[in-house]
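For reference, entry-v3.cif (mmCIF, C-alpha atoms):
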data_query
#
loop_
_atom_site.label_atom_id
_atom_site.label_comp_id
_atom_site.auth_asym_id
_atom_site.auth_seq_id
_atom_site.Cartn_x
_atom_site.Cartn_y
_atom_site.Cartn_z
CA MET A 151 9.56 -30.25 -14.33
CA PRO A 152 11.45 -28.03 -11.91
CA ARG A 153 15.16 -27.65 -12.34
CA TYR A 154 17.57 -28.86 -9.66
CA GLU A 155 21.28 -28.63 -8.98
CA LEU A 156 23.25 -31.32 -7.18
CA ALA A 157 26.34 -29.93 -5.46
CA LEU A 158 28.42 -33.03 -4.85
CA ILE A 159 31.54 -33.14 -2.69
CA VAL A 160 33.37 -36.40 -3.26
CA LYS A 161 36.33 -38.04 -1.62
CA ALA A 162 39.73 -37.14 -3.08
CA MET A 163 40.35 -40.13 -5.37
CA GLN A 164 42.23 -41.06 -8.52
CA ARG A 165 40.73 -40.12 -11.86
CA PRO A 166 39.27 -43.53 -12.88
CA GLU A 167 37.54 -43.93 -9.51
CA THR A 168 36.05 -40.43 -9.67
CA ALA A 169 34.87 -41.14 -13.21
CA ALA A 170 33.22 -44.36 -12.06
CA LEU A 171 31.49 -42.55 -9.20
CA LEU A 172 30.16 -39.82 -11.48
CA ARG A 173 28.99 -42.41 -13.98
CA ARG A 174 27.00 -44.33 -11.41
CA THR A 175 25.56 -41.11 -9.93
CA VAL A 176 24.31 -39.91 -13.32
CA GLU A 177 22.98 -43.40 -14.07
CA THR A 178 21.06 -43.33 -10.77
CA LEU A 179 19.61 -39.99 -11.73
CA MET A 180 18.52 -41.22 -15.14
CA GLU A 181 17.03 -44.41 -13.68
CA ARG A 182 14.80 -42.26 -11.47
CA GLY A 183 13.56 -40.34 -14.47
CA ALA A 184 15.68 -37.21 -14.28
CA VAL A 185 16.97 -35.43 -17.36
CA VAL A 186 20.60 -34.51 -16.77
CA ARG A 187 21.40 -31.14 -18.27
CA GLY A 188 25.11 -30.89 -17.61
CA LEU A 189 28.00 -31.67 -15.33
CA GLU A 190 30.61 -29.20 -14.07
CA ASN A 191 33.89 -29.90 -12.35
CA LEU A 192 34.90 -27.21 -9.85
CA GLY A 193 38.22 -28.93 -9.19
CA GLU A 194 39.78 -30.75 -6.27
CA LYS A 195 40.16 -28.33 -3.39
CA LEU A 196 41.01 -28.26 0.26
CA LEU A 197 37.77 -28.53 2.20
CA PRO A 198 36.89 -25.41 4.25
CA TYR A 199 36.71 -27.59 7.37
CA LYS A 200 37.46 -31.24 8.10
CA ILE A 201 34.41 -33.39 7.39
CA SER A 202 33.90 -36.78 9.05
CA LYS A 203 31.87 -39.14 6.92
CA HIS A 204 31.63 -42.95 6.65
CA ASN A 205 34.23 -43.46 9.38
CA GLU A 206 36.80 -41.26 7.66
CA ARG A 207 38.09 -37.75 8.27
CA HIS A 208 38.32 -35.88 4.94
CA THR A 209 40.59 -32.89 4.32
CA ARG A 210 40.52 -32.65 0.54
CA GLY A 211 37.59 -33.18 -1.81
CA GLY A 212 36.45 -32.98 -5.40
CA TYR A 213 33.64 -30.52 -6.12
CA PHE A 214 31.09 -31.34 -8.82
CA LEU A 215 27.89 -29.66 -9.94
CA ILE A 216 25.15 -31.64 -11.71
CA ASP A 217 22.30 -29.70 -13.31
CA PHE A 218 19.14 -31.71 -13.93
CA HIS A 219 15.40 -31.59 -14.41
CA ALA A 220 13.38 -33.99 -12.29
CA ALA A 221 10.04 -34.63 -10.64
CA PRO A 222 10.00 -33.29 -7.06
CA GLY A 223 9.16 -36.73 -5.66
CA ILE A 224 12.54 -38.31 -6.39
CA VAL A 225 14.65 -35.78 -4.47
CA THR A 226 14.41 -37.41 -1.04
CA GLY A 227 15.04 -40.87 -2.50
CA LEU A 228 18.06 -39.56 -4.38
CA LEU A 229 19.57 -37.89 -1.31
CA ASP A 230 19.06 -41.10 0.67
CA HIS A 231 20.90 -43.07 -2.02
CA LEU A 232 23.79 -40.58 -2.13
CA GLU A 233 24.20 -40.57 1.64
CA ARG A 234 24.75 -44.33 1.52
CA ASP A 235 27.53 -44.05 -1.09
CA ILE A 236 30.85 -44.26 0.74
CA ASP A 237 32.73 -42.15 -1.80
CA VAL A 238 30.41 -39.17 -1.46
CA VAL A 239 31.31 -36.74 1.32
CA ARG A 240 28.44 -34.27 1.13
CA PRO A 241 25.54 -34.30 -1.34
CA THR A 242 23.19 -31.31 -1.53
CA VAL A 243 20.25 -30.83 -3.88
CA LEU A 244 19.06 -27.28 -4.50
CA LYS A 245 16.29 -25.78 -6.55
CA ASN A 246 17.57 -23.81 -9.49
CA ASP A 247 14.58 -22.18 -11.19
CA PRO A 248 15.36 -19.01 -13.15
CA GLU A 249 13.89 -16.07 -11.28
CA PRO A 250 11.78 -13.52 -13.14
CA SER A 251 13.90 -10.43 -13.34
CA ASN A 252 12.21 -7.65 -11.38
CA GLY A 253 12.36 -4.04 -12.57
CA PRO A 254 15.24 -1.78 -11.62
CA CYS A 255 17.34 -3.42 -8.93
CA CYS A 256 17.95 -1.44 -5.76
CA GLY A 257 15.23 1.15 -6.14
CA HIS A 258 15.67 1.85 -2.46
CA PRO A 259 18.12 4.54 -1.44
CA VAL A 260 21.16 3.24 0.39
CA ALA A 261 21.51 4.48 3.98
CA SER A 262 24.49 6.77 4.37
CA LYS A 263 27.17 5.50 6.69
CA HIS A 264 27.49 7.64 9.81
CA GLN A 265 31.11 7.80 10.85
CA ASP A 266 31.13 11.00 12.86
CA THR A 267 28.42 10.21 15.40
CA VAL A 268 29.88 9.54 18.80
CA ILE B 129 -20.95 48.78 24.93
CA TRP B 130 -19.01 45.61 24.44
CA SER B 131 -21.84 44.02 22.48
CA LYS B 132 -22.16 47.13 20.29
CA MET B 133 -18.46 47.05 19.43
CA PHE B 134 -18.71 43.41 18.54
CA ALA B 135 -21.68 44.14 16.28
CA VAL B 136 -19.80 46.98 14.55
CA ARG B 137 -16.75 44.80 13.93
CA SER B 138 -18.83 42.02 12.47
CA PHE B 139 -20.69 44.49 10.20
CA ARG B 140 -17.37 45.85 8.91
CA SER B 141 -16.07 42.35 8.20
CA LEU B 142 -19.29 41.59 6.29
CA GLN B 143 -18.88 44.79 4.27
CA PHE B 144 -15.34 43.85 3.36
CA SER B 145 -16.30 40.37 2.19
CA PHE B 146 -19.15 41.77 0.05
CA SER B 147 -16.87 44.28 -1.64
CA GLN B 148 -14.39 41.56 -2.47
CA LEU B 149 -17.14 39.42 -3.96
CA GLY B 150 -18.43 42.35 -6.02
CA GLY B 151 -14.93 43.08 -7.28
CA THR B 152 -14.30 39.54 -8.51
CA GLN B 153 -17.68 39.43 -10.17
CA GLN B 154 -16.89 42.62 -12.01
CA CYS B 155 -13.53 41.15 -13.03
CA LEU B 156 -15.15 38.06 -14.44
CA ARG B 157 -17.69 40.15 -16.35
CA SER B 158 -14.94 42.12 -18.07
CA LEU B 159 -13.09 38.93 -19.12
CA SER B 160 -16.17 37.27 -20.55
CA GLY B 161 -17.04 40.43 -22.47
CA SER B 162 -13.97 40.19 -24.72
CA SER B 163 -14.44 36.56 -25.81
CA ASN B 164 -12.50 36.76 -29.13
CA VAL B 165 -9.14 37.20 -27.24
CA VAL B 166 -7.48 33.88 -26.14
CA GLN B 167 -7.47 33.56 -22.36
CA LYS B 168 -4.10 32.35 -21.03
CA ASN B 169 -2.48 32.40 -17.64
CA ASP B 170 1.14 32.99 -18.59
CA ASP B 171 2.51 33.35 -15.12
CA MET B 172 1.47 29.89 -13.82
CA PRO B 173 4.42 27.45 -13.57
CA LEU B 174 4.63 24.65 -16.14
CA GLN B 175 4.30 21.06 -14.93
CA MET B 176 7.55 19.22 -15.69
CA GLU B 177 9.78 16.55 -14.15
CA ASN B 178 12.58 17.83 -11.91
CA PRO B 179 15.37 18.85 -14.38
CA TYR B 180 18.05 18.55 -11.67
CA LYS B 181 17.12 15.00 -10.76
CA GLN B 182 20.14 12.77 -10.29
CA PRO B 183 20.08 9.10 -11.40
CA GLN B 184 19.14 6.76 -8.56
CA LYS B 185 22.22 5.40 -6.82
CA GLY B 186 22.12 1.70 -6.11
CA CYS B 187 24.23 -0.38 -3.76
CA ILE B 188 27.48 -1.95 -5.01
CA LEU B 189 25.84 -5.26 -5.83
CA CYS B 190 23.21 -3.74 -8.08
CA ASN B 191 22.69 -6.01 -11.12
CA ILE B 192 25.17 -8.63 -9.83
CA THR B 193 23.76 -12.12 -9.18
CA VAL B 194 24.74 -13.50 -5.80
CA ASP B 195 25.59 -17.22 -5.81
CA PHE B 196 26.76 -19.64 -3.13
CA LYS B 197 29.46 -20.88 -5.54
CA ASN B 198 31.04 -17.44 -5.75
CA VAL B 199 32.96 -17.85 -2.52
CA GLN B 200 35.36 -14.98 -3.26
CA LEU B 201 32.51 -12.48 -3.49
CA LEU B 202 30.90 -13.80 -0.33
CA SER B 203 34.21 -13.67 1.53
CA GLN B 204 34.40 -9.93 0.97
CA PHE B 205 31.47 -9.46 3.36
CA ILE B 206 32.79 -11.50 6.28
CA SER B 207 35.36 -10.76 8.96
CA PRO B 208 38.79 -12.21 8.14
CA HIS B 209 39.51 -13.11 11.76
CA THR B 210 36.22 -14.60 12.94
CA GLY B 211 34.29 -15.29 9.73
CA ARG B 212 31.24 -13.37 10.97
CA VAL B 213 28.93 -11.75 8.41
CA TYR B 214 29.03 -7.96 8.55
CA GLY B 215 25.85 -6.00 9.19
CA ARG B 216 24.11 -3.61 6.80
CA HIS B 217 25.67 -0.54 8.38
CA ILE B 218 29.12 -1.90 7.54
CA THR B 219 28.58 -3.43 4.10
CA GLY B 220 26.43 -0.58 2.80
CA LEU B 221 24.18 -2.91 0.81
CA CYS B 222 20.49 -2.42 0.22
CA GLY B 223 17.99 -4.67 2.02
CA LYS B 224 17.46 -7.16 -0.77
CA LYS B 225 21.14 -7.74 -1.53
CA GLN B 226 22.14 -7.94 2.14
CA ARG B 227 19.61 -10.72 2.69
CA GLU B 228 20.76 -12.53 -0.48
CA ILE B 229 24.39 -12.36 0.65
CA ALA B 230 23.60 -13.58 4.16
CA LYS B 231 21.51 -16.47 2.84
CA ALA B 232 24.19 -17.44 0.30
CA ILE B 233 26.91 -17.36 2.97
CA LYS B 234 24.88 -19.63 5.25
CA LYS B 235 24.14 -21.95 2.34
CA ALA B 236 27.83 -22.13 1.43
CA HIS B 237 28.67 -22.92 5.08
CA SER B 238 26.27 -25.83 5.26
CA MET B 239 27.21 -27.26 1.87
CA GLY B 240 30.93 -27.29 2.59
CA PHE B 241 31.97 -24.52 0.20
CA MET B 242 33.02 -21.85 2.66
CA SER B 243 34.64 -21.90 6.07
CA VAL B 244 32.60 -20.77 9.07
CA THR B 245 35.31 -19.59 11.43
CA HIS B 246 37.72 -17.77 9.15
CA LYS B 247 38.24 -16.30 5.71
CA ASP B 248 40.05 -18.35 3.07
CA PRO B 249 43.73 -17.22 3.03
CA HIS B 250 43.67 -16.92 -0.78
CA PHE B 251 41.07 -14.15 -0.46
CA MET B 252 42.87 -12.14 2.22
CA LYS B 253 44.43 -9.78 -0.30
CA ASP B 254 41.08 -8.79 -1.86
CA PRO B 255 40.15 -5.08 -1.85
CA ASN B 256 38.13 -4.01 1.16
CA ILE B 257 34.62 -2.90 0.14
CA CYS B 258 33.12 -2.84 3.60
CA ASP B 259 33.25 0.19 5.82
CA ILE B 260 35.51 -1.41 8.40
CA ARG B 261 39.06 -0.79 9.48
CA HIS B 262 41.06 -3.65 10.86
CA LEU B 263 43.85 -3.38 13.41
CA GLU B 264 47.20 -3.96 11.74
#
Kindly transcribe the structure held in the file into structure tokens.
Amino acid sequence: MPRYELALIVKAMQRPETAALLRRTVETLMERGAVVRGLENLGEKLLPYKISKHNERHTRGGYFLIDFHAAPGIVTGLLDHLERDIDVVRPTVLKNDPEPSNGPCCGHPVASKHQDTV
Amino acid sequence: IWSKMFAVRSFRSLQFSFSQLGGTQQCLRSLSGSSNVVQKNDDMPLQMENPYKQPQKGCILCNITVDFKNVQLLSQFISPHTGRVYGRHITGLCGKKQREIAKAIKKAHSMGFMSVTHKDPHFMKDPNICDIRHLE
């Protein structure tokens, strides 16, 4: 099964509400047959720009990262479900397969910077 | 007269080529005669890798994974005033890494990790790695 990463931006809420949201998100994932690998909290930060979602203008948000393995067919259904959740500001699912490491990186010579040409 | 001269010149050139051929044949005969001596060409250059070769220089992001989560790293390659991504002639990155950085910056923009129009004020004091001088 390919490996995915869900970058979740949630509304700035109190701790029990955030915990409840994460719980139901992970439960949704497991219901659809995904194997959750891990959950990371990137903290509550100021959003880079104001986001309007579900009739609300958000300035702050909690950033979470959920790593999971799933069948490719459930991704669209999952995104649809997350968009409907009023506490979620922006859900994004990305592919996260480990790349095969190529040989020496940057075998190409770097172009010298011309500063004197007028 | 002209034709005669031409004929003479050609004859001379033929003579010269024949003498050369005869000389080399004689040379070869003498070498093959003394077969018990080892035949070596000592004055031919040896085949070896360039001893003065310098190690290949890579760009500054060689062997560093570029991620959309690493907003501080990505912010080093954008303009602090407009948030525009710098070109290859300014960042000095190789083709692969420049594309990775540009893709990661655009990904971070769309996912709500990085601002589009400016650089995060916390990252303003970072060292300048791009070849650009800002007006004070």
Checklist entry - Could you list, as a list in words, every residue of chain B that has an atom within 8 Å of an atom of chain A, counting all atoms listed in the file? => result Gln184, Lys185, Gly186, Cys187, Cys190, Asn191, His217, Ile218, Gly220, Leu221, Cys222, Lys224, Met239, Gly240, Phe241, Met242, Ser243, Val244 and Asp248 of chain B
How would you write, as an mmCIF file with C-alpha atoms, keeping the file's coordinate frame, the residues chosen by the PyMOL selection byres ((chain A and resi 164-177) around 9) on this structure?
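Contents of part_25.cif, freshly written:
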data_model
loop_
_atom_site.group_PDB
_atom_site.id
_atom_site.type_symbol
_atom_site.label_atom_id
_atom_site.label_comp_id
_atom_site.auth_asym_id
_atom_site.auth_seq_id
_atom_site.Cartn_x
_atom_site.Cartn_y
_atom_site.Cartn_z
ATOM 1 C CA VAL A 160 33.370 -36.400 -3.260
ATOM 2 C CA LYS A 161 36.330 -38.040 -1.620
ATOM 3 C CA ALA A 162 39.730 -37.140 -3.080
ATOM 4 C CA MET A 163 40.350 -40.130 -5.370
ATOM 5 C CA THR A 178 21.060 -43.330 -10.770
ATOM 6 C CA LEU A 179 19.610 -39.990 -11.730
ATOM 7 C CA MET A 180 18.520 -41.220 -15.140
ATOM 8 C CA GLU A 181 17.030 -44.410 -13.680
ATOM 9 C CA ARG A 182 14.800 -42.260 -11.470
ATOM 10 C CA VAL A 186 20.600 -34.510 -16.770
ATOM 11 C CA GLY A 212 36.450 -32.980 -5.400
ATOM 12 C CA PHE A 214 31.090 -31.340 -8.820
ATOM 13 C CA ILE A 216 25.150 -31.640 -11.710
ATOM 14 C CA LEU A 232 23.790 -40.580 -2.130
ATOM 15 C CA ASP A 237 32.730 -42.150 -1.800
ATOM 16 C CA VAL A 238 30.410 -39.170 -1.460
#
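One finds CA of Gly188 (chain A) at 7.1 Å from CA of Phe218 (chain A).
The nearest approach to Leu244 (chain A) among the residues B:Gln226, B:Pro255, B:Phe196, B:His262, with only C-alpha atoms taken into account, belongs to B:Phe196.
CA of Lys197 (chain B) lies 9.6 Å from CA of Ile233 (chain B).
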Item to check | Nearest-residue call for Met151 (chain A), choices A:His219, A:Arg187, A:His208, A:Lys203, using all atoms listed in the file | outcome: A:His219
Could the centre and edge lengths of an axis-aligned box, enclosing all atoms of region 216-220 of chain A in the file with 6 Å extra on each side, be given in Å to one decimal as AutoDock Vina command-line options?
--center_x 19.3 --center_y -31.8 --center_z -13.1 --size_x 23.8 --size_y 16.3 --size_z 14.7
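You can rank B:Lys235, B:Lys253, B:Arg261, B:Arg216 by their closest distance to Asn198 (chain B) using all atoms listed in the file, and at the top of that list sits B:Lys235.
Picture a line from CA of Lys245 (chain A) to CA of Thr209 (chain A); it runs 27.6 Å.
Contact shell of Gln204 (chain B) at 10 Å (all atoms listed in the file; same-chain neighbours under 2 positions omitted): B:Val199, B:Gln200, B:Leu201, B:Leu202, B:Ile206, B:Ser207, B:Pro208, B:Val213, B:Tyr214, B:Thr219, B:Lys247, B:Phe251, B:Met252, B:Asp254, B:Pro255, B:Asn256, B:Ile257, B:Cys258.
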Could you list as a tab-separated table (two decimals) with C-alpha atoms, in the frame of the given file every residue that has an atom within 10 Å of (30.6, -47.0, 7.4), using the file's coordinates and counting all atoms listed in the file?
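Written file, part-v3.tsv:
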chain	number	residue	atom	x	y	z
A	203	LYS	CA	31.87	-39.14	6.92
A	204	HIS	CA	31.63	-42.95	6.65
A	205	ASN	CA	34.23	-43.46	9.38
A	206	GLU	CA	36.80	-41.26	7.66
A	234	ARG	CA	24.75	-44.33	1.52
A	235	ASP	CA	27.53	-44.05	-1.09
A	236	ILE	CA	30.85	-44.26	0.74
Checklist outcome for this item: Residue with the minimum atom-to-atom distance to Thr193 (chain B), picked from B:Asp259, B:His250, B:Glu228, B:Met172 with only C-alpha atoms counted, is B:Glu228
Item to check | Residue members of the PyMOL selection byres ((chain A and resi 225) around 10) in the file shown, as an NGL selection string | outcome: :A and (154 or 179 or 182 or 184 or 220-224 or 226-231 or 243-244)
Go ahead and write the selection's residues with C-alpha atoms as a JSON list (two decimals), in the frame of the given file.
[["chain", "number", "residue", "atom", "x", "y", "z"],
["A", 154, "TYR", "CA", 17.57, -28.86, -9.66],
["A", 179, "LEU", "CA", 19.61, -39.99, -11.73],
["A", 182, "ARG", "CA", 14.80, -42.26, -11.47],
["A", 184, "ALA", "CA", 15.68, -37.21, -14.28],
["A", 220, "ALA", "CA", 13.38, -33.99, -12.29],
["A", 221, "ALA", "CA", 10.04, -34.63, -10.64],
["A", 222, "PRO", "CA", 10.00, -33.29, -7.06],
["A", 223, "GLY", "CA", 9.16, -36.73, -5.66],
["A", 224, "ILE", "CA", 12.54, -38.31, -6.39],
["A", 226, "THR", "CA", 14.41, -37.41, -1.04],
["A", 227, "GLY", "CA", 15.04, -40.87, -2.50],
["A", 228, "LEU", "CA", 18.06, -39.56, -4.38],
["A", 229, "LEU", "CA", 19.57, -37.89, -1.31],
["A", 230, "ASP", "CA", 19.06, -41.10, 0.67],
["A", 231, "HIS", "CA", 20.90, -43.07, -2.02],
["A", 243, "VAL", "CA", 20.25, -30.83, -3.88],
["A", 244, "LEU", "CA", 19.06, -27.28, -4.50]]
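Nearest to His209 (chain B) of all the residues B:His237, B:His246, B:Leu263, B:Asp170 is B:His246, counting all atoms listed in the file.
Distances to Ser251 (chain A) were evaluated for B:Ala236, B:Asn169, B:Ile192, B:Tyr180 using only C-alpha atoms, and the minimum falls at B:Ile192.
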